[in-house]
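Q: Handing you a structure now.
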Amino acid sequence: MLNRRQVYGTLGLGGALLVQGAPAIAQAPAPIPVAPAPTGPSTLERILASKKLRIAVVANQEPYFRKNLQTGQWTGFCLSMARDIAEQLGVELELLESTWGNSVLDLQSNKIDMAFGLNPTARRALVIDFPNAMFFNISSLVAKRGFSPRTWADLNKPEVRIAFDVGTSRETIVRRFAPRATHVGYRTSPECVLSVASGRSDVFACSVFLGLAARKQNPNLGEFIMPTPMVRTTTTAAIQYDRDGRFRQFINAWVDFNRGTGQVREWILASLGDMGIEQSDLPPDLEF
């Protein structure tokens with residue numbers, strides 16, 4: 001039997017998993033085992049002993065992560081956060097290229113210490129830990145040209161094809177608010193963008209930042225939309241459960257200080273600015 005990572009791998013670049021409306025919702029979700037009791041060194045002990053903070057990075061996910069293909073250097077506001085955390089700990093930053101969905105598995109298998117840009121869900125919390133919220137987001141869409149839905153009710157129709165990256169909270173939200181739509185799952189966000197730009201899908205379910213970046217980079221896309229009722233989500237960095245919780249306490253203190261001083265907002269705005277997206281371009285209803 002294929003595990004979740006193997007299933008994603010079989011999709012390949014450009015491969016889509018097409019699921020028609022309600023029948024997929026009727027299937028019971030696969031059981032997720034609860035994380036076993038932690039043993040061995042705690043996360044903080046391991047990081048300080050190895051002098052390395054290991055994080056997941058996801059290609060083509062501007063402004064969260066951005067890889068310069070010529071130099072191999074990574075930027076983006078999640079990198080700004082990670083570098084500051086590593087500096088506070090006095091350790092080096094080590095990067096592992098992954099995907100949004102696989103980063104959860106990477107945490108479970110102890111390949112990384114942190115995975116930035118994840119939304120806490122109850123099922124994920126069975127196996128990984130979540131510190132305080134780093135920022136908030138609103139579930140959004142990027143539509144094909146000429147398609148202008150305004151509500152989830154406009155989307156909740158079998159003839160509407162909604163693309164999402166499999167294994168993300170965006171998939172969960174689409175299945176919750178548009179169960180009757182045709183769901184088209186892809187392995188990565190760029191594949192979703194190409195699906196909409198080529199007309200194979202009608203909309204791409206995304207976060208505000210991913211949607212704004214996608215429209216900036218691809219003139220063949222249509223409108224950026226935040227459908228009503230608005231769905232507000234929490235975004236933070238996931239970590240492993242460990243036996244003493246000191247690393248979680250450290251990250252909580254780091255988050256509270258940097259959100260309170262406005263530093264998190266500055267990192268986000270700086271990464272958006274690098275893409276030519278100004279603060280005035282952000283939706284007026286967005287508070288992060």
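Within each chain, counting starts at residue 1; across the structure tokens, chains are named A, B, ... in the order shown, with ligands numbered 1 upward in that order.
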Would you give me, as a Markdown table, each residue of segment 115-172 of chain A having an atom within 8 Å of an atom of segment 239-260 of chain A, along with its shortest atom pair and that distance in Å to one decimal, using only C-alpha atoms and sorting by chain and residue number?
A:
```
| residue | atom | partner | partner_atom | distance |
| --- | --- | --- | --- | --- |
| A:Ala115 | CA | A:Ile239 | CA | 6.7 |
| A:Val127 | CA | A:Tyr241 | CA | 7.6 |
| A:Ile128 | CA | A:Gln240 | CA | 5.2 |
| A:Asp129 | CA | A:Ile239 | CA | 5.2 |
| A:Phe130 | CA | A:Ile239 | CA | 6.2 |
| A:Pro131 | CA | A:Asn252 | CA | 5.7 |
| A:Asn132 | CA | A:Asn252 | CA | 5.6 |
| A:Ala133 | CA | A:Val255 | CA | 7.4 |
| A:Met134 | CA | A:Val255 | CA | 6.0 |
| A:Phe135 | CA | A:Arg259 | CA | 7.9 |
```
Q: Check segment 6-232 of chain A with DSSP on the backbone and list each residue it calls strand (DSSP E), as JSON, numbers by chain.
A: {"A": [16, 17, 18, 19, 20, 52, 53, 54, 55, 56, 57, 58, 66, 67, 74, 75, 92, 93, 94, 95, 96, 97, 98, 114, 115, 116, 117, 118, 135, 136, 137, 138, 140, 141, 142, 143, 144, 161, 162, 163, 164, 165, 182, 183, 184, 185, 186, 203, 204, 205, 206, 221, 222, 223, 224, 225, 232]}
Q: Could you save the residues just selected, with C-alpha atoms, as a PDB file, in the first residue's frame?
A:
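The result, written out as result28.pdb:
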```pdb
ATOM      1  CA  ALA A  16      -3.474  15.921 -11.367  1.00  0.00           C
ATOM      2  CA  LEU A  17      -5.716  13.900  -9.112  1.00  0.00           C
ATOM      3  CA  LEU A  18      -9.262  14.675 -10.248  1.00  0.00           C
ATOM      4  CA  VAL A  19     -12.049  14.114  -7.742  1.00  0.00           C
ATOM      5  CA  GLN A  20     -15.668  14.776  -8.597  1.00  0.00           C
ATOM      6  CA  LYS A  52      22.256  23.539  13.393  1.00  0.00           C
ATOM      7  CA  LEU A  53      18.603  24.549  12.995  1.00  0.00           C
ATOM      8  CA  ARG A  54      17.080  22.406  10.245  1.00  0.00           C
ATOM      9  CA  ILE A  55      14.080  23.845   8.372  1.00  0.00           C
ATOM     10  CA  ALA A  56      12.014  22.902   5.312  1.00  0.00           C
ATOM     11  CA  VAL A  57      12.011  25.225   2.297  1.00  0.00           C
ATOM     12  CA  VAL A  58       9.466  25.075  -0.532  1.00  0.00           C
ATOM     13  CA  ARG A  66      12.086  32.138  -3.126  1.00  0.00           C
ATOM     14  CA  LYS A  67      15.070  30.346  -4.655  1.00  0.00           C
ATOM     15  CA  TRP A  74      16.967  31.293  -0.736  1.00  0.00           C
ATOM     16  CA  THR A  75      15.038  34.390   0.316  1.00  0.00           C
ATOM     17  CA  GLU A  92      23.696  27.681  11.614  1.00  0.00           C
ATOM     18  CA  LEU A  93      20.650  27.323   9.392  1.00  0.00           C
ATOM     19  CA  GLU A  94      20.341  24.095   7.397  1.00  0.00           C
ATOM     20  CA  LEU A  95      17.768  23.890   4.569  1.00  0.00           C
ATOM     21  CA  LEU A  96      15.893  20.838   3.274  1.00  0.00           C
ATOM     22  CA  GLU A  97      13.839  21.330   0.109  1.00  0.00           C
ATOM     23  CA  SER A  98      10.345  19.892   0.563  1.00  0.00           C
ATOM     24  CA  MET A 114      10.801  23.474  11.957  1.00  0.00           C
ATOM     25  CA  ALA A 115       8.393  23.833   9.034  1.00  0.00           C
ATOM     26  CA  PHE A 116       7.270  27.414   8.405  1.00  0.00           C
ATOM     27  CA  GLY A 117       4.031  28.583   6.820  1.00  0.00           C
ATOM     28  CA  LEU A 118       1.716  25.822   8.079  1.00  0.00           C
ATOM     29  CA  PHE A 135       0.440  35.811  11.357  1.00  0.00           C
ATOM     30  CA  PHE A 136      -3.109  35.409  10.019  1.00  0.00           C
ATOM     31  CA  ASN A 137      -4.378  34.864   6.512  1.00  0.00           C
ATOM     32  CA  ILE A 138      -7.660  34.773   4.588  1.00  0.00           C
ATOM     33  CA  SER A 140      -8.396  33.353  -1.300  1.00  0.00           C
ATOM     34  CA  LEU A 141      -8.677  32.469  -4.961  1.00  0.00           C
ATOM     35  CA  VAL A 142      -7.007  33.371  -8.225  1.00  0.00           C
ATOM     36  CA  ALA A 143      -9.475  32.917 -11.080  1.00  0.00           C
ATOM     37  CA  LYS A 144      -9.080  32.384 -14.780  1.00  0.00           C
ATOM     38  CA  ARG A 161     -13.250  23.336 -11.193  1.00  0.00           C
ATOM     39  CA  ILE A 162     -11.197  24.319  -8.137  1.00  0.00           C
ATOM     40  CA  ALA A 163      -7.459  23.548  -8.098  1.00  0.00           C
ATOM     41  CA  PHE A 164      -5.541  23.141  -4.858  1.00  0.00           C
ATOM     42  CA  ASP A 165      -2.232  21.657  -3.704  1.00  0.00           C
ATOM     43  CA  THR A 182     -15.114  19.609  -9.029  1.00  0.00           C
ATOM     44  CA  HIS A 183     -11.896  19.293  -7.020  1.00  0.00           C
ATOM     45  CA  VAL A 184      -8.602  19.122  -8.900  1.00  0.00           C
ATOM     46  CA  GLY A 185      -5.604  18.291  -6.708  1.00  0.00           C
ATOM     47  CA  TYR A 186      -2.003  18.974  -7.696  1.00  0.00           C
ATOM     48  CA  VAL A 203      -9.785  28.964  -9.815  1.00  0.00           C
ATOM     49  CA  PHE A 204      -6.770  28.218  -7.647  1.00  0.00           C
ATOM     50  CA  ALA A 205      -7.433  28.056  -3.899  1.00  0.00           C
ATOM     51  CA  CYS A 206      -4.567  29.855  -2.187  1.00  0.00           C
ATOM     52  CA  LEU A 221      -4.423  34.920 -14.660  1.00  0.00           C
ATOM     53  CA  GLY A 222      -7.656  36.730 -13.885  1.00  0.00           C
ATOM     54  CA  GLU A 223      -8.944  38.269 -10.672  1.00  0.00           C
ATOM     55  CA  PHE A 224      -7.708  37.845  -7.126  1.00  0.00           C
ATOM     56  CA  ILE A 225     -10.742  37.101  -4.909  1.00  0.00           C
ATOM     57  CA  ARG A 232      -9.559  33.363   8.393  1.00  0.00           C
TER      58      ARG A 232
END
```
Q: Could you jot down the atom CA of Trp100 of chain A to atom CA of Thr168 of chain A separation for me, Å, one decimal place?
A: 6.6 Å
Q: May I have all residues of segment 93-238 of chain A that DSSP, computed from the backbone, assigns to alpha helix (DSSP H), given as a PyMOL selection string?
A: chain A and resi 100-108+152-155+169-177+189-197+208-217
Q: For Lys216 of chain A, which residue out of A:Ile277, A:Ala197, A:Leu48, A:Val264 is the nearest one, using only C-alpha atoms?
A: A:Ile277
Q: Go through A:Cys78, A:Leu44, A:Leu194, A:Leu269 one by one, measure the shortest atom-to-atom distance of each to Thr236 of chain A using only C-alpha atoms, and give the residue with the smallest value.
A: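 Nearest candidate to Thr236 of chain A out of A:Cys78, A:Leu44, A:Leu194, A:Leu269: A:Cys78.
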Q: With only C-alpha atoms as the atoms that count, which of A:Asp84, A:Glu159, A:Phe147, A:Asn119 lies nearest to Ile173 of chain A?
A: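 That would be A:Asn119, the residue with the smallest distance to Ile173 of chain A.
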Q: So which residues touch Ala181 of chain A within 6 Å, counting only C-alpha atoms, skipping near sequence neighbours fewer than 4 positions away, as a ChimeraX atom specification?
A: /A:21,156-158,160
Q: Could you please take those selected residues and save C-alpha atoms as a tab-separated table (two decimals), in the first residue's frame?
A:
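What landed in selection.tsv:
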```tsv
chain	number	residue	atom	x	y	z
A	21	GLY	CA	-17.71	16.60	-5.98
A	156	ASN	CA	-20.10	25.28	-4.86
A	157	LYS	CA	-21.29	23.93	-8.21
A	158	PRO	CA	-20.21	20.79	-10.11
A	160	VAL	CA	-16.73	24.88	-11.21
```
Q: From the options A:Phe177, A:Tyr64, A:Phe288, A:Phe209, which residue's atoms come nearest to Met81 of chain A, counting only C-alpha atoms?
A: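 Answer, going by the shortest atom-to-atom distance: A:Tyr64.
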Q: Given only C-alpha atoms as the basis, pick out the residue of A:Thr228, A:Ser271, A:Gln73, A:Gln61 nearest to Ala153 of chain A.
A: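 Looking at the shortest contact to Ala153 of chain A, the residue is A:Thr228.
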Q: Any idea what the distance is between atom CA of Glu87 of chain A and atom CA of Thr39 of chain A?
A: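 Computed distance, atom CA of Glu87 of chain A to atom CA of Thr39 of chain A, equals 26.9 Å.
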